[in-house]
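Shown here: structure_24.tsv, TSV, C-alpha atoms.
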chain	number	residue	atom	x	y	z
A	1	MET	CA	102.07	134.65	96.39
A	2	ALA	CA	100.41	137.62	94.63
A	3	LEU	CA	99.54	139.19	98.01
A	4	LEU	CA	103.12	138.62	99.21
A	5	MET	CA	104.55	140.27	96.10
A	6	ARG	CA	102.25	143.27	96.45
A	7	GLY	CA	103.32	143.61	100.07
A	8	LEU	CA	106.97	143.47	99.11
A	9	LEU	CA	106.49	146.09	96.42
A	10	ARG	CA	104.71	148.40	98.88
A	11	SER	CA	107.57	147.98	101.35
A	12	GLY	CA	110.12	149.09	98.74
A	13	TRP	CA	111.52	145.62	98.04
A	14	HIS	CA	113.15	145.14	94.63
A	15	PRO	CA	114.85	142.16	93.00
A	16	MET	CA	118.57	141.96	93.61
A	17	LYS	CA	121.04	141.83	90.74
A	18	ILE	CA	123.37	138.91	91.45
A	19	GLY	CA	126.38	137.96	89.34
A	20	PHE	CA	128.21	134.62	89.37
A	21	LEU	CA	131.81	134.21	88.24
A	22	GLY	CA	132.96	130.62	87.87
A	23	GLY	CA	136.40	129.16	87.27
A	24	SER	CA	139.02	126.81	88.63
A	25	PHE	CA	140.78	129.65	90.54
A	26	ASP	CA	143.91	127.50	90.70
A	27	PRO	CA	145.31	129.89	91.79
A	28	VAL	CA	143.07	132.96	91.95
A	29	HIS	CA	144.85	135.99	90.46
A	30	PHE	CA	144.33	139.70	89.82
A	31	GLY	CA	142.77	138.97	86.41
A	32	HIS	CA	139.86	137.22	88.15
A	33	LEU	CA	139.47	139.92	90.79
A	34	ILE	CA	139.62	142.87	88.39
A	35	ALA	CA	137.06	141.17	86.14
A	36	ALA	CA	134.75	140.77	89.14
A	37	GLN	CA	135.12	144.43	90.06
A	38	ASP	CA	134.52	145.60	86.47
A	39	VAL	CA	131.22	143.72	86.29
A	40	LEU	CA	130.17	144.85	89.76
A	41	GLU	CA	130.69	148.49	88.85
A	42	GLN	CA	129.37	148.52	85.28
A	43	TYR	CA	126.21	146.55	86.04
A	44	LYS	CA	125.69	147.92	89.56
A	45	LEU	CA	125.27	144.43	90.96
A	46	ASP	CA	124.02	144.00	94.51
A	47	ARG	CA	126.09	140.84	94.98
A	48	LEU	CA	128.87	139.04	93.14
A	49	ILE	CA	129.48	135.40	93.99
A	50	LEU	CA	132.65	133.53	93.01
A	51	VAL	CA	131.95	129.88	92.18
A	52	PRO	CA	135.05	127.64	92.12
A	53	ALA	CA	134.49	124.57	89.95
A	54	ALA	CA	135.23	121.02	91.07
A	55	GLN	CA	136.17	120.20	87.47
A	56	ALA	CA	135.37	122.28	84.38
A	57	PRO	CA	133.83	120.15	81.59
A	58	LEU	CA	135.70	121.89	78.74
A	59	LYS	CA	139.01	122.03	80.67
A	60	PRO	CA	139.40	118.54	82.15
A	61	ASN	CA	143.04	119.01	83.21
A	62	ASP	CA	142.71	122.52	84.60
A	63	VAL	CA	142.64	121.68	88.33
A	64	LYS	CA	145.91	120.82	90.07
A	65	SER	CA	145.27	121.59	93.75
A	66	THR	CA	142.60	120.40	96.17
A	67	ALA	CA	139.18	121.97	96.65
A	68	GLU	CA	140.23	122.95	100.18
A	69	ASP	CA	143.35	124.76	98.93
A	70	ARG	CA	141.51	126.62	96.18
A	71	LEU	CA	138.77	127.68	98.59
A	72	SER	CA	141.37	128.85	101.12
A	73	MET	CA	143.20	130.90	98.46
A	74	LEU	CA	139.93	132.53	97.37
A	75	ARG	CA	139.08	133.40	100.95
A	76	SER	CA	142.56	134.83	101.51
A	77	ALA	CA	142.20	136.99	98.38
A	78	THR	CA	138.72	138.36	99.11
A	79	GLU	CA	138.06	138.24	102.88
A	80	TRP	CA	138.56	142.00	103.22
A	81	ASP	CA	136.15	142.88	100.36
A	82	ARG	CA	132.50	142.76	101.41
A	83	ARG	CA	131.38	143.10	97.79
A	84	LEU	CA	132.56	139.58	96.95
A	85	GLU	CA	131.16	136.30	98.21
A	86	ILE	CA	132.18	132.68	97.63
A	87	SER	CA	129.93	129.69	97.00
A	88	ASP	CA	131.35	126.21	97.56
A	89	TYR	CA	128.31	124.59	95.90
A	90	GLU	CA	130.26	123.06	92.99
A	91	LEU	CA	133.15	121.93	95.21
A	92	ALA	CA	130.80	120.27	97.70
A	93	LYS	CA	128.86	118.61	94.88
A	94	GLY	CA	132.04	117.25	93.29
A	95	GLY	CA	132.44	115.70	89.86
A	96	ILE	CA	132.23	117.69	86.65
A	97	SER	CA	130.81	121.19	87.27
A	98	TYR	CA	128.14	121.82	84.65
A	99	THR	CA	126.87	125.39	84.69
A	100	ILE	CA	123.28	124.26	84.17
A	101	ASP	CA	123.32	122.37	87.50
A	102	SER	CA	124.69	125.38	89.35
A	103	VAL	CA	122.27	127.80	87.71
A	104	ARG	CA	119.30	125.59	88.66
A	105	HIS	CA	120.61	125.58	92.23
A	106	PHE	CA	121.03	129.36	92.35
A	107	ARG	CA	117.71	130.00	90.58
A	108	THR	CA	116.00	127.94	93.31
A	109	ALA	CA	117.90	129.87	96.00
A	110	TYR	CA	117.10	133.27	94.46
A	111	PRO	CA	113.77	132.78	92.64
A	112	GLN	CA	112.79	136.46	92.39
A	113	ASP	CA	116.20	137.97	91.63
A	114	GLU	CA	117.99	138.95	88.43
A	115	LEU	CA	120.83	136.49	87.85
A	116	TYR	CA	123.87	136.91	85.59
A	117	TRP	CA	126.53	134.34	84.66
A	118	ILE	CA	129.84	136.03	83.86
A	119	ILE	CA	132.13	134.66	81.16
A	120	GLY	CA	135.16	135.78	79.17
A	121	GLY	CA	134.59	136.92	75.61
A	122	ASP	CA	136.66	133.94	74.48
A	123	GLN	CA	133.82	131.67	75.65
A	124	LEU	CA	131.27	133.14	73.23
A	125	PRO	CA	132.15	130.84	70.30
A	126	LEU	CA	131.95	127.84	72.67
A	127	LEU	CA	128.59	128.60	74.29
A	128	HIS	CA	126.69	126.30	71.94
A	129	ARG	CA	128.70	123.39	73.42
A	130	TRP	CA	127.56	124.09	76.97
A	131	ARG	CA	125.22	121.46	78.42
A	132	GLU	CA	121.53	122.41	78.01
A	133	ILE	CA	122.41	125.88	76.74
A	134	GLY	CA	118.80	126.51	75.70
A	135	GLU	CA	117.63	125.96	79.26
A	136	LEU	CA	120.54	128.06	80.57
A	137	ALA	CA	119.49	130.92	78.29
A	138	ARG	CA	116.00	130.74	79.80
A	139	LEU	CA	117.17	130.67	83.43
A	140	ILE	CA	119.93	133.29	83.51
A	141	LYS	CA	121.41	136.25	81.66
A	142	PHE	CA	125.02	136.26	80.51
A	143	ILE	CA	127.63	139.01	80.86
A	144	PHE	CA	130.75	138.62	78.77
A	145	LEU	CA	133.97	140.54	79.38
A	146	GLU	CA	135.68	142.26	76.47
A	147	ARG	CA	138.35	144.89	76.01
A	148	PRO	CA	137.12	148.45	75.37
A	149	LYS	CA	136.77	149.26	71.64
A	150	HIS	CA	137.31	145.63	70.65
A	151	PRO	CA	134.59	144.14	68.44
A	152	THR	CA	132.36	141.51	69.95
A	153	LYS	CA	133.54	138.00	69.18
A	154	PRO	CA	131.18	135.83	67.14
A	155	HIS	CA	128.92	133.36	68.90
A	156	SER	CA	126.52	130.69	67.77
A	157	GLU	CA	122.91	131.82	67.52
A	158	ILE	CA	121.23	130.49	70.65
A	159	PRO	CA	117.47	131.11	70.91
A	160	GLY	CA	116.55	133.29	73.87
A	161	LEU	CA	120.15	134.08	74.82
A	162	ARG	CA	120.30	137.35	76.78
A	163	LEU	CA	123.84	138.58	76.31
A	164	HIS	CA	125.35	141.72	77.87
A	165	ARG	CA	128.80	143.15	77.23
A	166	CYS	CA	131.13	144.45	79.93
A	167	ASP	CA	134.13	146.48	78.84
A	168	GLY	CA	136.81	145.45	81.29
A	169	HIS	CA	140.48	145.77	82.14
A	170	LEU	CA	141.29	142.32	80.81
A	171	ILE	CA	144.74	141.20	81.89
A	172	GLU	CA	146.68	138.43	80.15
A	173	ILE	CA	147.23	136.21	83.18
A	174	SER	CA	146.33	132.53	83.29
A	175	SER	CA	146.41	130.22	86.27
A	176	SER	CA	148.34	127.64	84.22
A	177	GLU	CA	151.03	130.26	83.51
A	178	LEU	CA	151.30	131.01	87.23
A	179	ARG	CA	151.64	127.32	88.06
A	180	ARG	CA	154.49	127.09	85.54
A	181	ARG	CA	156.18	130.10	87.14
A	182	VAL	CA	156.16	128.32	90.50
A	183	GLN	CA	157.61	125.16	88.93
A	184	GLN	CA	160.37	127.29	87.39
A	185	GLY	CA	161.14	128.97	90.71
A	186	ARG	CA	159.91	132.37	89.50
A	187	ALA	CA	158.02	134.88	91.65
A	188	LEU	CA	154.25	135.44	91.60
A	189	HIS	CA	154.54	139.02	92.84
A	190	TYR	CA	152.17	141.47	91.05
A	191	PHE	CA	150.14	138.53	89.64
A	192	CYS	CA	148.31	137.45	92.83
A	193	PRO	CA	147.36	139.02	96.16
A	194	GLN	CA	150.22	138.64	98.65
A	195	LYS	CA	148.14	136.43	100.97
A	196	VAL	CA	147.60	133.98	98.11
A	197	ILE	CA	151.32	133.90	97.37
A	198	ALA	CA	152.06	133.27	101.05
A	199	TYR	CA	149.56	130.39	101.07
A	200	ILE	CA	151.09	128.81	97.95
A	201	GLU	CA	154.56	129.05	99.48
A	202	ALA	CA	153.48	127.71	102.87
A	203	LYS	CA	151.69	124.73	101.31
A	204	GLY	CA	154.32	124.08	98.64
A	205	LEU	CA	151.67	124.11	95.90
A	206	TYR	CA	152.44	123.58	92.19
A	207	ARG	CA	156.00	122.36	92.74

As C-alpha cells - that is how I would like this structure written.
Amino acid sequence: MALLMRGLLRSGWHPMKIGFLGGSFDPVHFGHLIAAQDVLEQYKLDRLILVPAAQAPLKPNDVKSTAEDRLSMLRSATEWDRRLEISDYELAKGGISYTIDSVRHFRTAYPQDELYWIIGGDQLPLLHRWREIGELARLIKFIFLERPKHPTKPHSEIPGLRLHRCDGHLIEISSSELRRRVQQGRALHYFCPQKVIAYIEAKGLYR
C-alpha cells in the first residue's frame, strides 16, 4: 500500500473532494440545486453526489412519491449538468436512511478521498440526535449552508466534529409547500426545473 501511494503521488494523483447532499427530493426544486452549486463553487469540489433518501429518520412522513418517481425527477433536473451525480444507494437499500450507513458505504467506495456531508444550517441543533454521530464525525466532514452575514446557529458540542460553513443563496422553498401547491391547483413555475414540472403533470403526482 505504501509503495502504491508513493507511486500515485509521483504520478500527480491527489485525493478528490467529494460532497454528498441528501434529502427526500420530493420533488427536487431550485433550492436543492442552488445549494449544490454553492457548495461546489465555494469548496471547489471535484464531485457532488445527490443522495435521495428512502425514508429520513427525523422526517418520517416526508416522502409521498415512489423511489422511481423521485429518481426520475432528479435525473430530469440534472442530466444536463456534468457537475452533479446521483446515487441510488439509499433507495436501493430501502427502509430508514441513516446517514451513518451511507457514509460507511461511501467511505468504503472512496477510501482515500476527502468526503463532505452537506446539511442545512437548521440541522446543526439536531446533529446530536443523528445515529452514531461520534462515528460520523470521525468518518466525514460536514458542510452546513447558511445565509451570508447570518450568525452560525448553535449546535451541540460533538467531539471530533469537523464543521465547515458555506454562505449560500438559501431560498425559502420546501418540497411539502410544492406538494400543497399541486393539491391546490397552483403552478410550480419558477420553483422547479421545467422538466420536473412536466414529469409531475404527466404522472399526476401529489394530487

- Item | Selection: 7 Å around segment 46-62 of chain A, all atoms listed in the file, excl. self and same-chain fewer than 5 positions, as number ranges by chain | A: 16-25, 40, 67, 83-88, 90-91, 94-98

Open item on the list: Ranking A:Ile158, A:Leu178, A:Leu115, A:Leu45 by minimum distance to Val196 of chain A and counting only C-alpha atoms, which one comes first?
Closed with: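 Of the candidates, the smallest distance to Val196 of chain A is held by A:Leu178.
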
What separates atom CA of Gly160 of chain A and atom CA of His128 of chain A is a distance of 12.5 Å

Distance query 10 Å from (118.2, 127.7, 79.0) using all atoms listed in the file, result as a PyMOL selection string: chain A and resi 100+103-104+131-141+158-161

- When distances are computed from all atoms listed in the file, which of A:Leu188, A:Val63, A:Ile197, A:Val39 shows the smallest separation from Ile119 of chain A?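 Once distances to Ile119 of chain A are computed over all atoms listed in the file, the minimum belongs to A:Val39.
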
If I put a ball of radius 9 Å at (144.5, 135.5, 87.6) in the file's coordinates, which residues poke into it when counting all atoms listed in the file, written as an mmCIF file with C-alpha atoms, in the coordinates of the input?
data_model
loop_
_atom_site.group_PDB
_atom_site.id
_atom_site.type_symbol
_atom_site.label_atom_id
_atom_site.label_comp_id
_atom_site.auth_asym_id
_atom_site.auth_seq_id
_atom_site.Cartn_x
_atom_site.Cartn_y
_atom_site.Cartn_z
ATOM 1 C CA PHE A 25 140.780 129.650 90.540
ATOM 2 C CA ASP A 26 143.910 127.500 90.700
ATOM 3 C CA PRO A 27 145.310 129.890 91.790
ATOM 4 C CA VAL A 28 143.070 132.960 91.950
ATOM 5 C CA HIS A 29 144.850 135.990 90.460
ATOM 6 C CA PHE A 30 144.330 139.700 89.820
ATOM 7 C CA GLY A 31 142.770 138.970 86.410
ATOM 8 C CA HIS A 32 139.860 137.220 88.150
ATOM 9 C CA LEU A 33 139.470 139.920 90.790
ATOM 10 C CA ILE A 34 139.620 142.870 88.390
ATOM 11 C CA ILE A 171 144.740 141.200 81.890
ATOM 12 C CA GLU A 172 146.680 138.430 80.150
ATOM 13 C CA ILE A 173 147.230 136.210 83.180
ATOM 14 C CA SER A 174 146.330 132.530 83.290
ATOM 15 C CA SER A 175 146.410 130.220 86.270
ATOM 16 C CA LEU A 178 151.300 131.010 87.230
ATOM 17 C CA PHE A 191 150.140 138.530 89.640
ATOM 18 C CA CYS A 192 148.310 137.450 92.830
#

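The gap separating atom CA of Tyr190 of chain A from atom CA of Gly168 of chain A is 18.6 Å, in Å to one decimal.
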
Exercise. Distance atom CA of Gln112 of chain A-atom CA of His14 of chain A, one decimal place?
Worked result: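 Interatomic distance here is 9.0 Å.
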
Between A:Ser176, A:Ser156, A:Gln194, A:Gln184, smallest distance to Ser65 of chain A by all atoms listed in the file belongs to A:Ser176

Between A:Thr152, A:Thr78, A:Gln183, A:Ser72, which residue has the minimum interatomic distance to Arg207 of chain A, considering all atoms listed in the file?
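Of the candidates, the smallest distance to Arg207 of chain A is held by A:Gln183.
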
Any chance you could work out the axis-aligned box around segment 114-127 of chain A, listed atoms only, 3 Å on each side, giving centre and edge lengths in Å to one decimal, as lines of an AutoDock Vina configuration file?
center_x = 127.3
center_y = 133.4
center_z = 79.4
size_x = 24.7
size_y = 17.1
size_z = 24.1

- Task: Would you mind listing what lies within 12 Å of Ala187 of chain A as a ChimeraX atom specification, with only C-alpha atoms counted and same-chain residues fewer than 6 positions away left out?
- Result: /A:177-181,194,197-198,200-201

Long-range neighbours of Gln123 of chain A as a compact mmCIF listing (two decimals) with C-alpha atoms, in the frame of the given file, 12 Å cut-off, all atoms listed in the file, 4 positions minimum in chain:
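Listing of part_16.txt after writing:
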# COMPACT_ATOMS: atom_id res chain seq x y z
CA LEU A 58 135.70 121.89 78.74
CA TRP A 117 126.53 134.34 84.66
CA ILE A 118 129.84 136.03 83.86
CA ILE A 119 132.13 134.66 81.16
CA LEU A 127 128.59 128.60 74.29
CA HIS A 128 126.69 126.30 71.94
CA ARG A 129 128.70 123.39 73.42
CA TRP A 130 127.56 124.09 76.97
CA PHE A 142 125.02 136.26 80.51
CA ILE A 143 127.63 139.01 80.86
CA PHE A 144 130.75 138.62 78.77
CA LEU A 145 133.97 140.54 79.38
CA GLU A 146 135.68 142.26 76.47
CA THR A 152 132.36 141.51 69.95
CA LYS A 153 133.54 138.00 69.18
CA PRO A 154 131.18 135.83 67.14
CA HIS A 155 128.92 133.36 68.90
CA SER A 156 126.52 130.69 67.77

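When only C-alpha atoms are used to measure the gap to Arg82 of chain A, the shortest distance among A:Leu163, A:Gly120, A:Gln37, A:Tyr199 belongs to A:Gln37.
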
- Choose the residue, out of A:Ser76, A:Tyr116, A:Ala36, A:Pro111, that has the smallest atom-to-atom separation from His164 of chain A; count only C-alpha atoms.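 Counting only C-alpha atoms, the residue closest to His164 of chain A is A:Tyr116.
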